[in-house]
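A.B. asks: Dropping in work09.tsv, which is TSV, C-alpha atoms:
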chain	number	residue	atom	x	y	z
A	1	MET	CA	23.61	-34.78	-18.11
A	2	THR	CA	25.89	-31.87	-17.35
A	3	ALA	CA	27.07	-30.94	-13.85
A	4	PHE	CA	26.68	-27.26	-13.00
A	5	VAL	CA	28.31	-25.18	-10.32
A	6	GLY	CA	25.63	-22.62	-11.07
A	7	ALA	CA	23.10	-22.17	-13.82
A	8	GLN	CA	21.86	-18.97	-15.41
A	9	LEU	CA	18.25	-19.86	-14.84
A	10	ASP	CA	16.75	-16.74	-16.43
A	11	GLN	CA	18.88	-17.05	-19.60
A	12	THR	CA	17.38	-18.12	-22.94
A	13	TYR	CA	19.30	-19.77	-25.76
A	14	THR	CA	18.80	-20.11	-29.51
A	15	ALA	CA	19.43	-23.35	-31.38
A	16	ALA	CA	22.70	-21.81	-32.64
A	17	ASP	CA	23.83	-21.28	-29.03
A	18	LEU	CA	23.67	-25.04	-28.43
A	19	THR	CA	25.98	-25.95	-31.32
A	20	GLY	CA	29.31	-24.98	-32.82
A	21	ILE	CA	31.86	-23.17	-30.69
A	22	ASN	CA	29.39	-22.85	-27.79
A	23	SER	CA	28.69	-26.58	-27.62
A	24	GLY	CA	29.57	-27.79	-24.14
A	25	LYS	CA	29.45	-24.27	-22.69
A	26	VAL	CA	25.68	-24.21	-22.43
A	27	PRO	CA	23.22	-26.67	-20.87
A	28	GLY	CA	22.13	-29.73	-22.78
A	29	ILE	CA	18.50	-30.45	-23.60
A	30	GLY	CA	16.91	-32.31	-20.68
A	31	ASP	CA	19.66	-31.38	-18.21
A	32	ILE	CA	18.57	-31.15	-14.56
A	33	TYR	CA	19.93	-28.59	-12.12
A	34	VAL	CA	19.34	-28.78	-8.35
A	35	SER	CA	19.95	-25.51	-6.50
A	36	HIS	CA	21.36	-25.04	-3.00
A	37	ASP	CA	17.79	-24.76	-1.64
A	38	ASN	CA	16.80	-28.05	-3.31
A	39	LYS	CA	14.67	-26.55	-6.07
A	40	ARG	CA	14.87	-28.54	-9.31
A	41	TYR	CA	15.11	-27.16	-12.83
A	42	ARG	CA	15.04	-28.71	-16.30
A	43	PHE	CA	16.46	-27.40	-19.59
A	44	VAL	CA	13.85	-27.55	-22.37
A	45	ARG	CA	12.74	-26.04	-25.68
A	46	TYR	CA	9.75	-23.68	-25.64
A	47	LEU	CA	7.21	-23.78	-28.49
A	48	GLY	CA	4.40	-21.25	-28.91
A	49	GLY	CA	1.95	-23.88	-30.16
A	50	VAL	CA	-0.86	-23.43	-32.63
A	51	GLY	CA	-2.07	-20.36	-30.70
A	52	ALA	CA	1.42	-18.80	-30.87
A	53	ILE	CA	1.28	-18.20	-27.11
A	54	ALA	CA	4.18	-16.02	-26.02
A	55	ALA	CA	6.21	-17.26	-23.08
A	56	ALA	CA	6.09	-15.29	-19.83
A	57	ALA	CA	8.23	-15.83	-16.75
A	58	GLY	CA	6.12	-17.30	-13.95
A	59	ASN	CA	3.60	-18.94	-16.27
A	60	THR	CA	3.13	-22.69	-16.31
A	61	VAL	CA	3.94	-24.95	-19.24
A	62	GLY	CA	2.82	-28.40	-20.27
A	63	PHE	CA	4.53	-31.03	-22.36
A	64	TYR	CA	4.09	-30.17	-26.05
A	65	ALA	CA	1.48	-32.45	-27.59
A	66	PRO	CA	0.14	-30.99	-30.88
A	67	GLY	CA	-3.65	-30.96	-30.81
A	68	GLY	CA	-3.56	-32.65	-27.39
A	69	VAL	CA	-1.97	-35.84	-28.71
A	70	SER	CA	1.36	-36.73	-27.10
A	71	THR	CA	4.24	-37.73	-29.34
A	72	GLY	CA	6.25	-38.90	-26.34
A	73	VAL	CA	8.59	-35.89	-26.51
A	74	THR	CA	9.28	-34.53	-23.03
A	75	ASN	CA	11.90	-31.87	-23.80
A	76	ASP	CA	9.46	-29.58	-25.63
A	77	VAL	CA	7.01	-27.46	-23.61
A	78	THR	CA	4.33	-24.86	-24.30
A	79	SER	CA	1.94	-22.54	-22.47
A	80	ASP	CA	-0.66	-23.20	-25.21
A	81	VAL	CA	-2.93	-25.58	-23.30
A	82	SER	CA	-4.60	-26.72	-26.54
A	83	ASP	CA	-1.22	-28.15	-27.60
A	84	THR	CA	-0.60	-30.15	-24.40
A	85	ASN	CA	-2.00	-33.42	-23.14
A	86	GLY	CA	-2.78	-31.70	-19.83
A	87	ALA	CA	0.45	-32.77	-18.11
A	88	LEU	CA	2.15	-30.01	-16.12
A	89	ALA	CA	5.85	-29.77	-17.07
A	90	GLY	CA	6.85	-26.81	-14.87
A	91	VAL	CA	7.07	-23.04	-14.54
A	92	LEU	CA	8.96	-20.75	-16.92
A	93	LEU	CA	11.82	-18.71	-15.45
A	94	SER	CA	12.23	-16.51	-18.53
A	95	ALA	CA	10.39	-15.54	-21.70
A	96	PRO	CA	12.01	-17.41	-24.59
A	97	ALA	CA	10.86	-16.98	-28.17
A	98	SER	CA	9.15	-19.96	-29.77
A	99	GLY	CA	11.84	-22.48	-30.68
A	100	ASP	CA	14.34	-21.18	-28.12
A	101	TYR	CA	15.68	-23.04	-25.09
A	102	CYS	CA	15.32	-22.19	-21.41
A	103	TRP	CA	15.11	-23.49	-17.85
A	104	ILE	CA	11.81	-24.38	-16.22
A	105	GLN	CA	11.34	-25.07	-12.53
A	106	VAL	CA	10.05	-28.60	-11.94
A	107	GLY	CA	10.38	-29.01	-8.17
A	108	GLY	CA	10.21	-26.97	-4.99
A	109	VAL	CA	8.41	-23.81	-3.95
A	110	ALA	CA	7.57	-21.45	-6.84
A	111	THR	CA	5.66	-18.19	-7.17
A	112	LEU	CA	3.46	-17.93	-10.25
A	113	THR	CA	2.74	-14.79	-12.23
A	114	PRO	CA	-0.95	-15.48	-13.00
A	115	ALA	CA	-3.49	-16.22	-10.31
A	116	LEU	CA	-4.85	-19.74	-9.99
A	117	VAL	CA	-7.95	-20.38	-12.09
A	118	SER	CA	-9.32	-22.32	-9.11
A	119	GLY	CA	-8.05	-23.83	-5.89
A	120	ALA	CA	-7.30	-23.05	-2.28
A	121	ASP	CA	-4.41	-23.68	0.09
A	122	GLY	CA	-3.58	-27.38	0.20
A	123	ASN	CA	-5.36	-28.27	-3.07
A	124	ALA	CA	-3.65	-30.43	-5.68
A	125	LEU	CA	-3.24	-28.48	-8.93
A	126	THR	CA	-2.98	-29.25	-12.63
A	127	LEU	CA	-2.80	-27.26	-15.88
A	128	SER	CA	-5.92	-25.26	-16.58
A	129	SER	CA	-7.74	-26.65	-19.60
A	130	THR	CA	-9.23	-23.24	-20.41
A	131	THR	CA	-6.62	-20.58	-19.59
A	132	ASP	CA	-3.10	-20.74	-21.05
A	133	GLY	CA	-0.19	-20.67	-18.58
A	134	THR	CA	-2.26	-21.19	-15.43
A	135	LEU	CA	-3.20	-23.85	-12.89
A	136	LYS	CA	-6.52	-25.10	-11.57
A	137	VAL	CA	-7.58	-27.52	-8.85
A	138	VAL	CA	-7.38	-31.21	-9.79
A	139	GLY	CA	-10.96	-32.28	-10.39
A	140	ALA	CA	-10.81	-35.66	-12.10
A	141	VAL	CA	-8.73	-38.82	-12.01
A	142	THR	CA	-7.55	-37.93	-15.52
A	143	ASP	CA	-5.94	-34.68	-14.29
A	144	SER	CA	-2.19	-35.17	-13.99
A	145	GLY	CA	-1.45	-32.98	-10.96
A	146	GLY	CA	2.11	-31.74	-10.47
A	147	ALA	CA	1.64	-28.96	-7.92
A	148	VAL	CA	0.02	-28.15	-4.58
A	149	ALA	CA	-1.23	-24.71	-3.52
A	150	ILE	CA	0.83	-23.48	-0.55
A	151	ASP	CA	-0.67	-19.96	-0.47
A	152	ALA	CA	-3.25	-19.68	-3.23
A	153	SER	CA	-3.89	-15.95	-2.79
A	154	ALA	CA	-0.15	-15.19	-3.08
A	155	LYS	CA	0.21	-17.62	-6.05
A	156	ILE	CA	2.76	-19.77	-4.18
A	157	VAL	CA	2.84	-23.46	-5.08
A	158	MET	CA	4.96	-26.52	-4.38
A	159	LEU	CA	5.99	-28.15	-7.66
A	160	ASN	CA	6.55	-31.86	-8.11
A	161	CYS	CA	6.56	-32.21	-11.89
A	162	PRO	CA	7.90	-35.23	-13.75
A	163	TYR	CA	11.37	-34.85	-15.13
Just give me the structure of the file as structure tokens.
C.D. replies:
Amino acid sequence: MTAFVGAQLDQTYTAADLTGINSGKVPGIGDIYVSHDNKRYRFVRYLGGVGAIAAAAGNTVGFYAPGGVSTGVTNDVTSDVSDTNGALAGVLLSAPASGDYCWIQVGGVATLTPALVSGADGNALTLSSTTDGTLKVVGAVTDSGGAVAIDASAKIVMLNCPY
């Protein structure tokens, strides 16, 4: 893990940026950054998935699991819900191209871009199984959770994603 004085959280990186002369000057895959206000971030690779879902800042991502079957990889994420196992990984801070690297927020208060599919203030939330990049209220013991609605109408949530 790398120690950061500050991280460029809205920056995206190509695979070439992580190697060669830039190696050591950019975050490492899986690195965690904790900001001054105790929000937590993780450095991951974004994949568009089978649906080629474009990344959008403020959208949620799940751990990449092709066809819904986890391979145990936790550094790859996607907004394509059909290519996740339903586990919320975090919220995108930028809009990387598929295969590029970026920071996601995994802990603390976050404001989403899309509205919640369902849920009200105080509800536990999980990835929507029907709408890419969004959250819904936890409805079954098999839902992974990872967020709580703080102000559902304003799209403000408290994240507590695994990292």
A.B. asks: Using all atoms listed in the file for the distances, tell me which of A:Asn38, A:Thr130, A:Gln105, A:Thr111 is nearest to Ile150 of chain A.
C.D. replies: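 With all atoms listed in the file as the atom set, the closest residue is A:Thr111.
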A.B. asks: What is the atom CA of Phe43 of chain A-atom CA of Lys136 of chain A distance in Å, reported with one decimal?
C.D. replies: 24.4 Å
A.B. asks: Calculated over only C-alpha atoms, which of the candidates A:Ser118, A:Ala124, A:Ser153, A:Val106 has the smallest distance to Arg40 of chain A?
C.D. replies: A:Val106
A.B. asks: In Å to one decimal, how far is atom CA of Ala152 of chain A from atom CA of Arg45 of chain A?
C.D. replies: 28.3 Å
A.B. asks: Under the rule that only C-alpha atoms are counted, which of A:Ala65, A:Pro96, A:Gly108, A:Val50 is the nearest residue to Val34 of chain A?
C.D. replies: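 The answer is A:Gly108, which sits nearest to Val34 of chain A.
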A.B. asks: Would you please work out which residue, of A:Val117, A:Leu135, A:Val141, A:Val73, is nearest to Val91 of chain A when using only C-alpha atoms?
C.D. replies: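 Looking at the shortest contact to Val91 of chain A, the residue is A:Leu135.
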A.B. asks: Need the shell around Ser70 of chain A: protein/DNA/RNA residues with any atom at most 12 Å away, counting only C-alpha atoms. Skip same-chain ones fewer than 2 positions apart. Format as a list in words?
C.D. replies: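 Listed by chain and then number, they are Gly62, Phe63, Tyr64, Ala65, Pro66, Gly67, Gly68, Gly72, Val73, Thr74, Asp76, Val77, Ser82, Asp83, Thr84, Asn85, Gly86 and Ala87 of chain A.
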A.B. asks: In Å to one decimal, how far is atom CA of Leu9 of chain A from atom CA of Asp37 of chain A?
C.D. replies: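 For atom CA of Asp37 of chain A relative to atom CA of Leu9 of chain A, the distance reads 14.1 Å.
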